[in-house]
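Written below as structure tokens is the structure these notes are about.
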Amino acid sequence: MKKLIYLITMVIAFSGCTNDFEETNTNPYQISGESLKQDFNHVGAFYSSMLSQIFGNQVDHNLTNVTFAQHLATPTPFVGGVNNTTYYIRWNGYWAREYNNVMAPAKQVIDIAAADGYDVFVEWANLIRIVSMSRVTTYYGPILYTNYGSTGSALYDSEETLYNAFFSDLDRIISVFSANTDYVGLNNFDASYGGDVSKWARYANSLRLQLAMRISKVAPDVAKTQGEKAMADPVGLIETNADNFNISLYGAKFHPAQICFEWGDTRMSATMESILIGYKDNRIAPFFDPVTDMSLVTDHPDWPYKGIRNGAELVAKDDRLSFSTIDVSFNDPAKVTKRKVMSADEVFFIKAEAALRGWAGAGDAQANYEAGVRASFELWGAGGVDAYLADNTSLPIDYNDPVATGSVNDFVNQITTTVAWDEAASNEVKLEKIITQKWIAAYTNEMEAWVDYRRTGYPKLPPVYQNSSNSDWGIIPDGEAIKRMPFVNTEREGNAAGVADATAKLGGPDEIGTRLWWDTGGPNF
Amino acid sequence: MVKKLLLFFVLVFGTYPLLAQSKTVTGTVTDATDGSPLPGVNVLVQGTTTGSQTDFDGNYSIESESGNVLVFSFLGMKSQSITVGASNTYNVSMQEDAEQLGEVVVTALGIKREEKTLTYAQQTVRADELTATRDPNFMNSISGKAAGVEIKKSSSGAGGSTKIVLRGNKSLSGDSSPLFVIDGIPMANNKGGQPGMWGGVDAGDGLSAINPDDIESISILKGSNAAVLYGSQGANGVVVITTKAGKSGKTTVSLNSGYTFEHYLELPDLQFKYGANGNAKESWSTTPGDYQNSYVEEFFQTGHNFNNTVTVSGGNDKTTAYFSYGNISASGITPENKYQKNNFTFKQSTKMFDDKVTVTSSVIMALEETKNRLPAGYYLNPLTGLYMFPRQRNFYSFKDNYEVFDADRNLYTQNWFVVDHHQSNPYWIINKEPKTDENKRVIGSLSLEYDITEKLKLQVRGNYDYAVKEFEQQHAATSNSTNVHPKGAWDYRKYDDQLVYTDAILSYDTDLSENFSLNGVLGASYQKTVYGDGVSVNTGTIGLLYPNEFTFQNLPTNVQVSSTYDGSVIKQGAFANIQLGYKEMLFLDLSGRNDWASTLALTGNDSYFYPSVGVTGIISEMFTMPEAVSFGKLRASYTQVGNEVPFNRINPQNTISSNGGVDRNTVKPFLDAKPEIITSLEFGADWRFFQNRLGLDITYYSLTSKDQFIQVPLLQSESEGGYTTKFINAGEITNKGWEITLSATPIQTDDFQWVSAFNFTNNTNKIVDIGPDDDKVINLGSSEGYQSKLVEGGAFNDLYVLKFLRNDQGQILFDGGKPLRTPTTELVGNLDPDWTLGWNNNFSYKRFTLGMQINGKFGGNVFSQTESMLDGAGVSQRTADARDAGGVTVNGVDQTSGAAITTVDSETWFRAIGDRNGVGEAYVYDRTNIRVNQLSLGYNIDVSKLGLPISAASLSFIGNNLFYIYKDAPFDPELAMSTNQNAQGLDNFNLPSTGTYGFNLKVTF
């Protein structure tokens, strides 16, 4: 009986002993909030993870906005050649990437930083939210921003509300940054500017200018107000390449290089070939690698580069693997350590357009235009910028696909403006020059190039050769280009009421042919 | 280690008292019912250590003195005693023991119960059935030998894992694998990684630590009713492995030695008539040629499997000991594939303190090494390049020169005709991207049994199970650039698995009155597992500092070396079981268990209780039955078992990312988690007729799994404060099915016996509720044409594929000359069979025995991505036949013009329906197959005439997986790419199924 009592005692002892359960159920190789407090990592350690998600992966970017902007093109006939690149939507992942990896952690990080009074960190996270969301909205239009993080089904913001929210949030962010330019708290966590708050303020202000120009046609008054505010703000704008906003690759390989060299899924676009070779643009060398098979470039053997048409008719991937890759230096993580989000050239081009639009403080259109081109040549280490800017004869060339039979995938160049500025030309011609150069300079950060193309119609890009759009996602008439991405399926199914409300705010069906708010379809001036 | 064990063994035996010289008594033991000789009867001189066993002819021989009492015992027979007198010969005829009819079986926690009293289904497979055909993965041998058990073996060959599911899949998010138990104690079975559509290698499971020759029997507790005493761990059923122990009496040494060779059963049907157009990697020329056609067959070789075990067993009435050493040395059907396993087992048991205390200890050690276990899937798989190689090219120039010297880099580089993510030179992969897996494992256990009184017993046990596993693949520079940096890649993982288990069980066995008996068990257990604690690194395409050096020093700074941790779990339980018997004919079984699980820490639900009640009635004892009925019983039981949530779901923390920052956890803490509850109801009948020559055992079960632990991605519009994912308890799955075993002895004469048994299984699975979101889809693996997903109203393992787009007349719609497909995947069937049947036959004629097992699976579907790829590449025979015929005949119509289409160009057709994103409908096959699974022909050698010190010897010819009687699919549908929950029924460049043939020699000294 004693043993029985002992056993029962033991049973009770067992059942009482659940003290170590919490520790047992914790992964010792994860890092707790408590441990992160050392060196203030509980606030700062999350920023690099959020920033490294601003650029998406192959399907989020390379096969979506990059191909829509026609910087790169794929040799691979994914899913029988019927996919995003031919306007049949198969991949729509950028939405979830940004919400899951930027918005969700930012929400928590802001709460932590605010609780401990780290104002600069709060606004830094708020700025990263705007970086992310101002990109996401270029895909979808109405998105979740002001209502993000609430419990229950939240409604999307209309684009008007969204941009106003961006601007007012930027007011607060810039004011906090301006008041804390000597703050050193970011130093350990900021791989972009080394903790220099004043440079972050300058980027935030440049972002305001970018967003203002986006809405210049649909809301010209707000655009002008915000644009002039940006150009007048003493924190300044990014006007030297030293101030460029880049996101560190944190030792990883430049992702498009992986897509290009490891997977063989991306190459130079035919449009890049047409424009760069036509304009005799020396940036082609730092951008792309020449082909080794000279039979591919019999139409321009002095410029041995060959691109693939966006939305091409493709049979086999192997057919065009020998076309121009991106420059091989991108494949070396020691050489390419960062990716640009905003550079001085873009600011100059925006200011050039602002000058055409009569915004105060924009300065001279030609000066800004040429400064933009020079900043880009400097950034890429290309020579011959003076001759380039003086060239008033060269035009982009027609494109011939040397693999496809007959005229398949070929196109005739539609661009009629040369590089050299012509002060006597119309605003429309001037705008075409500005946006065409802005398009070239946007290489490796194509998001705004797709925006500008939809907003202004420039550069005059060839339409996709193969148009697979149908009623599933909306029809793009032949000769025209995709306008947006549809709302994601999880939201369409799980938040039908919210998506219906967002579709009403969009002002058209939730299809790829519906124009976004700032894409008015009207004249540029 | 071996030396130490042997030394210890010798010491134990050194303590034996020397026996006095005496006379030799001999005789024959026969079965009283038919006079047939009884082999294996234990003969013991009462009160001494002297013992013997009858041989195959029922003959025994034992040293004894006049006045000694000889005790003859045999399972299922009444023990008999005779007193030795003047004679030297005593023949004994043994009576069947009706009381022992159901015989004693091992149930949960090692508790022994008479089978007839069980209130639930339990099926036992004897050792000889497991080891007869020497399958190196012994669990594969269970297939078809027990009803209600679904077994799939990995396509990865020797040392690979086995998928086992008892009574269907029960959990939406977790694993439905049963618990494995050795001698009452749970064993660690941490299954490593599994391949999927894109590649990967089977990392084996924990079962290989066991030497099949050490197994006495395997009991399968199919339902939670049987396994309730194991608590939540037993929710998916339990496989109870009972190992051999030393037997008192004469020391026996036996040697079991087998050799089998292994060959593939079939390869995909390939064409070698049409080559490629130009440099294309697909073979779509329409000009026939005379091309190399034997390099695919030549790639595969004959595998060899040597399997040797020596066991030593013996002891006296105080101490018994058992030692075995087993070795498996195998080479597979692909070049450079090798498998080595060494098992050591030592077990001893000693009685002390007037036999009131029994101390039993055992040590099992297993050392395994595998080289080049073959992967499945697209990537880094030698079979993709082998099968798809363009026909007009010279394969042998790549086989003989898989590497060529590159003067630019001053190193050897891969030689292959194309750069393509799917393909590499097969011989490069085999030789220059070698894989090694090493497992080292020790299981030590100690058990103390104390007979407090005759009725009251206490048992205390402890167990420590420790394994170190190491996986490594060294990809040489210039391996496939999709996965490997130009300087090479190193994929390395090393980790420990640990399990500590201890329990104490008090059992009480008494007759309350003349009519009532009571059998009670009260106990508590503690178990802690730590799985996957180690380190891993995979450089992939990031690179190495110096080519072809695979060390930590050679890692660039941007490679993240990770501490890995699969989880630690503490489970504590207190349990009780009472069995009340009335007149040996009616039994009531009540069980209850309370669990405390660390995985539910912080929820307040970490303590939970579940009950089980069962009743069994032996009808043949209650009522007078016709003479034909020898035994009949009915049983019913009801059980609830909780299943706790997986490790670290309640409050996960943040992770350090490869970019040096910290990824903020965005999984919402699940602070109100509850255990999943499986409710199980089971009815059964066990009837035997004609002196037990015909038996029928029928079980019907109905399982309901509720409060499933489901991961729900949070919509961005309901992020709840910055979270992306949450977990909920919801959902309901039911499994209902029949398990029927029909066993018969159709012929039984002095010389000839035929024993036959059918095992029938049918399980119907239904997803009744998938949670609050009725439209939720849980993906079990999808890629391109193939998709297996869970939806409400569907079933586990439903198969969805892209189909042809057809008009109302069933004609395939065409556009631009190409067939159209449905925009989304559609349901075409289920990957699980409707029912399965195993048919086991054992014939014995004089000294010959013949065993044959036929397994059949009926209904269900499987899917072949391999065939789709081979069609797209123009290398399947189908594509050659189509080209021979001038195109593919179809019943189609152009969707715009309405013009009928009857013939399609072969290349257009197969490129449209095959390749990566084809029309899956064309590659769905019926899973139904019937095969001769095992065959063994044995001969028991008459050792008495040999004049050698051998007490028994047998030689047998054996075969596994011999041939199909019927099969629809172009591959073995029972071979699993993955033995996890995902990617079932999928063939994507899996290793072909193999048959093994050989012989086995068993000698007992």
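How things are named: the first chain in the structure tokens is A, the next is B, and so on; residues count from 1 in each chain; ligands count from 1 in the order shown.
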
Exercise for the section: Would you kindly return, as number ranges by chain, each protein, DNA or RNA residue with an atom no farther than 9 Å from any atom of stretch 152-156 of chain A, considering only C-alpha atoms and excluding same-chain residues fewer than 2 positions away? Expected result: A: 142-150, 158, 495, 497-499, 501-502, 505; B: 715-720

Handout entry: Contact residues (chain B, partner chain A, 7 Å, only C-alpha atoms) as an NGL selection string
Key = :B and (421 or 481-482 or 524 or 558 or 563 or 565 or 567-569 or 572 or 574 or 596 or 598-599 or 601-602 or 647-648 or 653-655 or 659 or 661-664 or 666 or 715-724 or 917)

Please, could you write that set of residues out with C-alpha atoms as a short mmCIF file (atom, residue, chain, number, x, y, z; two decimals), in the first residue's frame?
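Ended up saving to part_23.cif:
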data_model
loop_
_atom_site.label_atom_id
_atom_site.label_comp_id
_atom_site.auth_asym_id
_atom_site.auth_seq_id
_atom_site.Cartn_x
_atom_site.Cartn_y
_atom_site.Cartn_z
CA HIS B 421 17.16 23.72 -64.85
CA SER B 481 23.21 26.57 -62.06
CA THR B 482 19.59 26.79 -60.95
CA ALA B 524 1.63 7.77 -14.71
CA ASN B 558 26.49 36.17 -46.57
CA SER B 563 20.71 26.51 -35.54
CA TYR B 565 15.17 22.99 -33.83
CA GLY B 567 10.75 21.12 -31.31
CA SER B 568 10.72 19.98 -27.73
CA VAL B 569 7.61 18.56 -26.16
CA GLN B 572 2.76 13.90 -18.86
CA ALA B 574 -1.91 9.80 -15.50
CA TRP B 596 -0.55 17.52 -19.60
CA SER B 598 3.71 21.51 -22.96
CA THR B 599 2.61 22.52 -26.44
CA ALA B 601 1.38 26.06 -22.32
CA LEU B 602 -0.16 29.47 -21.59
CA PHE B 647 5.35 22.65 -30.97
CA ASN B 648 5.74 26.42 -30.61
CA GLN B 653 9.01 34.57 -31.31
CA ASN B 654 11.11 36.42 -33.89
CA THR B 655 13.78 35.01 -36.16
CA ASN B 659 20.14 39.75 -44.08
CA GLY B 661 18.01 41.86 -39.37
CA VAL B 662 15.18 40.32 -37.43
CA ASP B 663 11.97 39.08 -38.99
CA ARG B 664 9.17 40.16 -36.72
CA THR B 666 3.46 38.00 -37.48
CA LEU B 715 -6.82 38.64 -44.80
CA GLN B 716 -5.00 41.92 -45.16
CA SER B 717 -8.31 43.56 -44.40
CA GLU B 718 -8.44 41.84 -41.00
CA SER B 719 -4.83 41.94 -39.90
CA GLU B 720 -5.75 42.36 -36.24
CA GLY B 721 -2.89 44.56 -35.20
CA GLY B 722 -0.13 43.51 -37.51
CA TYR B 723 -0.57 39.76 -37.92
CA THR B 724 -0.64 37.71 -41.09
CA ASN B 917 1.83 22.82 -67.42
#

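Excluding B:Val312 itself and any same-chain residue fewer than 3 positions from it, the protein and nucleic acid residues within 7 Å of it, counting only C-alpha atoms, are Thr252, Val253, Ser254, Tyr322, Phe323 and Ser324 of chain B.
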
Practice task
Excluding B:Thr741 and residues on its chain fewer than 2 positions from it, collect all residues at most 8 Å away from it, counting only C-alpha atoms, and give them as an MDAnalysis selection string.
Solution key: chainID B and resid 146:147 695:698 739 743 757:760

Would you mind exporting C-alpha atoms of the selected residues as a tab-separated table (two decimals), in the first residue's frame?
chain	number	residue	atom	x	y	z
B	146	ALA	CA	-3.41	-6.67	-41.28
B	147	ALA	CA	-6.70	-5.00	-42.07
B	695	GLY	CA	-12.17	-17.54	-38.49
B	696	LEU	CA	-13.91	-14.28	-39.26
B	697	ASP	CA	-13.09	-11.01	-37.58
B	698	ILE	CA	-15.12	-7.98	-38.57
B	739	GLU	CA	-11.84	-4.15	-41.42
B	743	SER	CA	-8.72	-16.85	-41.96
B	757	ALA	CA	-6.11	-15.41	-44.71
B	758	PHE	CA	-7.78	-12.44	-46.33
B	759	ASN	CA	-7.47	-8.93	-44.95
B	760	PHE	CA	-10.01	-6.49	-46.28

Handout entry: Spatial neighbours of A:Asp345, max dist 6 Å, only C-alpha atoms, sep filter under 6 positions, as JSON, numbers by chain
Key = {"A": [372, 375, 376]}
